[in-house]
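Asker: Pasting a structure here, questions to come.
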Amino acid sequence: VVMAAMARDPTALRFAGNDVKGDREFMLEVIRVHGSNMLGCASTELKADRGVVLAAIAKHGCERLSSREERLTELQDVVDRGPRRVLGHCWRLSDSPLKFASANLRADREVVLAAAAHSCSALQHAALELMTDREFVLEAEAQRPGVLRFASPQLREDPEFMALARSHGFNVAELGHWQQVVRDAGIVHERLRARGLEVARV
């Protein structure tokens, strides 16, 4: 019944009982069919389930890949025919499902690295203890350039750490610029969300 209702309106899951939202197999299927953000509707127990959260993260990676392909198609359409309805796919992608994970999983190195592999901005939802861990931040930056801008203020203001990042070949010259970009993007993101829109963060 719930799945049938969701076929018409995926947000119908919000009104389901805890027995439904806590059904592991059901929620895995919901995430597979309706998208990674459905993790936000799962029970507290499932948000602390490593397998469920990793499944949502993997789904998010597929969504990002699909969104990139759609954006390239639309941009080519702009070139070929002139601008028309470009914003649809460009701004549809939602934020990382890591934001819905339990505090323990947001402090889990494997889970956070999996999320960062798809989007470095997922690290804005990572536990502060991870983003203050030198080895973790350098490992994440090596995997996904751009992570440094989400490092803790303690690390970003540490000359020794920044020198270490440079020695690894990471570009830290524009970090101050990126910090301002992230702040500005956050303001725009919240204003658009207040209007009922979801904006991708890269």
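In the structure tokens, the first chain shown is A, the next is B, and so on; residue numbers restart at 1 for each chain, and ligands run from 1 in the order shown.
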Find the spatial neighbours of segment 44-58 of chain A, counting only C-alpha atoms, within a cut-off of 6 Å - ignore same-chain residues fewer than 3 positions away - and output them as a list in words.
Answerer: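 My reading of the contact set: Ser36, Gly61, Ala101, Ser102 and Ala115 of chain A.
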Asker: Separation of atom CA of Phe26 of chain A and atom CA of Glu110 of chain A, in Å?
Answerer: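 Straight-line distance from atom CA of Phe26 of chain A to atom CA of Glu110 of chain A works out to 24.5 Å.
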Asker: Any idea what's packed within 7 Å of segment 150-160 of chain A, counting only C-alpha atoms, ignoring anything in its chain fewer than 3 positions away? Could you give it as a VMD selection string?
Answerer: chain A and resid 123 to 124 128 131 to 132 137 147 163 to 164
Asker: Given the selection you just returned, output its residues as a file containing N, CA and C atoms, formatted as a compact mmCIF listing (two decimals), in the first residue's frame.
Answerer:
```txt
# COMPACT_ATOMS: atom_id res chain seq x y z
N LEU A 123 31.46 16.11 3.14
CA LEU A 123 32.25 16.22 4.36
C LEU A 123 31.78 17.35 5.27
N GLN A 124 30.89 18.19 4.78
CA GLN A 124 30.30 19.19 5.68
C GLN A 124 29.42 18.51 6.72
N LEU A 128 33.25 16.38 13.40
CA LEU A 128 34.36 17.32 13.54
C LEU A 128 35.65 16.59 13.87
N MET A 131 37.26 15.64 10.67
CA MET A 131 37.75 16.78 9.89
C MET A 131 38.85 17.53 10.62
N THR A 132 39.20 17.06 11.81
CA THR A 132 40.34 17.60 12.55
C THR A 132 41.49 16.60 12.53
N VAL A 137 41.97 13.77 6.63
CA VAL A 137 41.73 14.86 5.67
C VAL A 137 42.65 14.74 4.46
N VAL A 147 38.50 18.65 -0.82
CA VAL A 147 38.12 18.32 0.55
C VAL A 147 38.70 19.31 1.56
N ALA A 163 51.41 23.33 5.26
CA ALA A 163 52.69 23.03 4.62
C ALA A 163 52.74 21.55 4.25
N LEU A 164 52.21 20.71 5.11
CA LEU A 164 52.16 19.27 4.83
C LEU A 164 51.28 19.00 3.61
```
Asker: Write out as an MDAnalysis selection string each polymer residue whose atoms come within 9 Å of Glu141 of chain A, counting only C-alpha atoms; drop sequence neighbours fewer than 6 positions from it.
Answerer: chainID A and resid 120 147:148 170
Asker: Using only C-alpha atoms for the distances, tell me which of A:Arg149, A:His118, A:His168, A:Arg14 is nearest to Glu135 of chain A.
Answerer: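 Among the listed residues, the smallest separation from Glu135 of chain A belongs to A:His168.
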Asker: Mind checking which residues fall within 9 Å of Ala117 of chain A, counting only C-alpha atoms, ignoring those fewer than 5 positions away in the same chain, and posting them as a CSV table (one decimal) with N, CA and C atoms, in the first residue's frame?
Answerer:
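Final output, around.csv:
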```csv
chain,number,residue,atom,x,y,z
A,61,GLY,N,25.8,8.3,-5.5
A,61,GLY,CA,26.8,8.3,-6.6
A,61,GLY,C,26.2,8.1,-8.0
A,112,VAL,N,32.4,7.8,5.7
A,112,VAL,CA,32.6,9.2,5.2
A,112,VAL,C,33.4,9.2,4.0
A,122,ALA,N,30.1,16.4,0.9
A,122,ALA,CA,29.5,15.5,1.9
A,122,ALA,C,30.2,15.6,3.2
A,140,ALA,N,41.4,11.9,2.3
A,140,ALA,CA,40.2,12.2,1.6
A,140,ALA,C,40.5,13.2,0.5
A,143,GLN,N,41.8,11.4,-2.4
A,143,GLN,CA,40.8,10.7,-3.1
A,143,GLN,C,39.9,11.6,-3.9
A,144,ARG,N,39.6,12.8,-3.3
A,144,ARG,CA,38.6,13.8,-4.0
A,144,ARG,C,39.1,15.2,-3.7
```
Asker: Show which residues sit within 6 Å of Ala127 of chain A, as an MDAnalysis selection string. Count only C-alpha atoms, and ignore same-chain residues fewer than 2 positions away.
Answerer: chainID A and resid 106:107 129:130
Asker: Only N, CA and C atoms, please: the residues just picked out, written as a short mmCIF file (atom, residue, chain, number, x, y, z; two decimals), in the first residue's frame.
Answerer:
```cif
data_model
loop_
_atom_site.label_atom_id
_atom_site.label_comp_id
_atom_site.auth_asym_id
_atom_site.auth_seq_id
_atom_site.Cartn_x
_atom_site.Cartn_y
_atom_site.Cartn_z
N ARG A 106 28.61 9.15 10.96
CA ARG A 106 29.24 10.36 10.43
C ARG A 106 30.66 10.54 10.97
N ALA A 107 31.02 9.69 11.94
CA ALA A 107 32.38 9.67 12.47
C ALA A 107 33.12 8.42 12.02
N GLU A 129 35.55 15.52 14.63
CA GLU A 129 36.77 14.79 14.99
C GLU A 129 37.48 14.24 13.76
N LEU A 130 36.71 13.84 12.73
CA LEU A 130 37.34 13.37 11.49
C LEU A 130 37.97 14.52 10.73
#
```
Asker: With a distance cut-off of 10 Å and only C-alpha atoms, select the neighbouring residues of segment 10-13 of chain A, excluding the residue or stretch itself and same-chain residues fewer than 4 positions from it, and output the selection as a ChimeraX atom specification.
Answerer: /A:2-6,17,20-21,27,30,33-35,38,41-42
Asker: Go ahead and dump the residues you just picked, N, CA, C and O atoms, as an mmCIF file, in the first residue's frame.
Answerer:
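Below you can see again_9.cif, which holds the result:
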```
data_model
loop_
_atom_site.group_PDB
_atom_site.id
_atom_site.type_symbol
_atom_site.label_atom_id
_atom_site.label_comp_id
_atom_site.auth_asym_id
_atom_site.auth_seq_id
_atom_site.Cartn_x
_atom_site.Cartn_y
_atom_site.Cartn_z
ATOM 1 N N VAL A 2 1.880 1.255 0.879
ATOM 2 C CA VAL A 2 2.761 2.420 0.969
ATOM 3 C C VAL A 2 3.519 2.621 -0.336
ATOM 4 O O VAL A 2 3.614 3.742 -0.847
ATOM 5 N N MET A 3 4.058 1.537 -0.892
ATOM 6 C CA MET A 3 4.811 1.642 -2.136
ATOM 7 C C MET A 3 3.922 2.126 -3.271
ATOM 8 O O MET A 3 4.365 2.916 -4.125
ATOM 9 N N ALA A 4 2.657 1.708 -3.275
ATOM 10 C CA ALA A 4 1.721 2.164 -4.304
ATOM 11 C C ALA A 4 1.472 3.659 -4.164
ATOM 12 O O ALA A 4 1.415 4.390 -5.161
ATOM 13 N N ALA A 5 1.330 4.119 -2.929
ATOM 14 C CA ALA A 5 1.128 5.547 -2.697
ATOM 15 C C ALA A 5 2.362 6.338 -3.103
ATOM 16 O O ALA A 5 2.263 7.434 -3.665
ATOM 17 N N MET A 6 3.539 5.772 -2.860
ATOM 18 C CA MET A 6 4.783 6.446 -3.207
ATOM 19 C C MET A 6 4.991 6.514 -4.710
ATOM 20 O O MET A 6 5.724 7.386 -5.191
ATOM 21 N N GLY A 17 3.949 4.561 9.205
ATOM 22 C CA GLY A 17 4.265 4.264 10.594
ATOM 23 C C GLY A 17 5.715 3.861 10.783
ATOM 24 O O GLY A 17 6.436 3.571 9.821
ATOM 25 N N VAL A 20 6.968 0.640 9.253
ATOM 26 C CA VAL A 20 7.336 0.688 7.831
ATOM 27 C C VAL A 20 8.707 1.335 7.672
ATOM 28 O O VAL A 20 9.579 0.807 6.980
ATOM 29 N N LYS A 21 8.915 2.448 8.326
ATOM 30 C CA LYS A 21 10.179 3.169 8.200
ATOM 31 C C LYS A 21 11.340 2.403 8.818
ATOM 32 O O LYS A 21 12.500 2.702 8.535
ATOM 33 N N MET A 27 12.995 -0.369 3.203
ATOM 34 C CA MET A 27 13.677 0.909 3.026
ATOM 35 C C MET A 27 14.821 0.804 2.017
ATOM 36 O O MET A 27 15.079 1.756 1.274
ATOM 37 N N VAL A 30 13.098 1.152 -1.208
ATOM 38 C CA VAL A 30 12.662 2.547 -1.391
ATOM 39 C C VAL A 30 13.839 3.407 -1.859
ATOM 40 O O VAL A 30 13.703 4.224 -2.777
ATOM 41 N N VAL A 33 14.687 2.591 -5.484
ATOM 42 C CA VAL A 33 13.700 3.056 -6.470
ATOM 43 C C VAL A 33 13.541 4.573 -6.466
ATOM 44 O O VAL A 33 13.488 5.205 -7.528
ATOM 45 N N HIS A 34 13.479 5.153 -5.281
ATOM 46 C CA HIS A 34 13.113 6.568 -5.178
ATOM 47 C C HIS A 34 14.269 7.513 -4.865
ATOM 48 O O HIS A 34 14.090 8.731 -4.912
ATOM 49 N N GLY A 35 15.452 6.980 -4.554
ATOM 50 C CA GLY A 35 16.597 7.862 -4.393
ATOM 51 C C GLY A 35 17.203 7.890 -3.002
ATOM 52 O O GLY A 35 16.584 7.487 -2.011
ATOM 53 N N MET A 38 15.759 9.354 0.430
ATOM 54 C CA MET A 38 14.728 8.662 1.189
ATOM 55 C C MET A 38 15.283 8.131 2.508
ATOM 56 O O MET A 38 14.516 7.779 3.408
ATOM 57 N N CYS A 41 13.827 9.534 5.613
ATOM 58 C CA CYS A 41 12.543 9.063 6.144
ATOM 59 C C CYS A 41 12.697 7.795 6.965
ATOM 60 O O CYS A 41 11.725 7.333 7.584
ATOM 61 N N ALA A 42 13.872 7.196 6.959
ATOM 62 C CA ALA A 42 14.087 5.928 7.659
ATOM 63 C C ALA A 42 14.065 6.121 9.173
ATOM 64 O O ALA A 42 14.212 7.235 9.683
#
```
Asker: So, with only C-alpha atoms as the atoms that count, which of A:Phe100, A:Leu138, A:Asp95, A:Leu113 lies closest to Ser167 of chain A?
Answerer: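 Among A:Phe100, A:Leu138, A:Asp95, A:Leu113, it is A:Leu138 that comes nearest to Ser167 of chain A.
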Asker: If you run DSSP on the backbone here, which positions in segment 14-53 of chain A get alpha helix (DSSP H)? Please write them as a list in words.
Answerer: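 Selection result, alpha helix (DSSP H) within segment 14-53 of chain A: Asn18, Asp19, Val20, Lys21, Arg24, Glu25, Phe26, Met27, Leu28, Glu29, Val30, Ile31, Arg32, Val33, His34, Thr44, Glu45, Leu46, Lys47, Arg50, Gly51, Val52 and Val53 of chain A.
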Asker: Can you work out the spacing between atom CA of Arg109 of chain A and atom CA of Pro145 of chain A in Å, to one decimal?
Answerer: 17.1 Å
Asker: Please indicate the distance in Å from atom CA of Ala165 of chain A to atom CA of Arg134 of chain A, rounded to one decimal place.
Answerer: 9.4 Å
Asker: In terms of the shortest atom-to-atom distance over only C-alpha atoms, which of A:Ala114, A:Ile31, A:Ser43, A:Gly169 is closest to Ala16 of chain A?
Answerer: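 Among the listed residues, the smallest separation from Ala16 of chain A belongs to A:Ser43.
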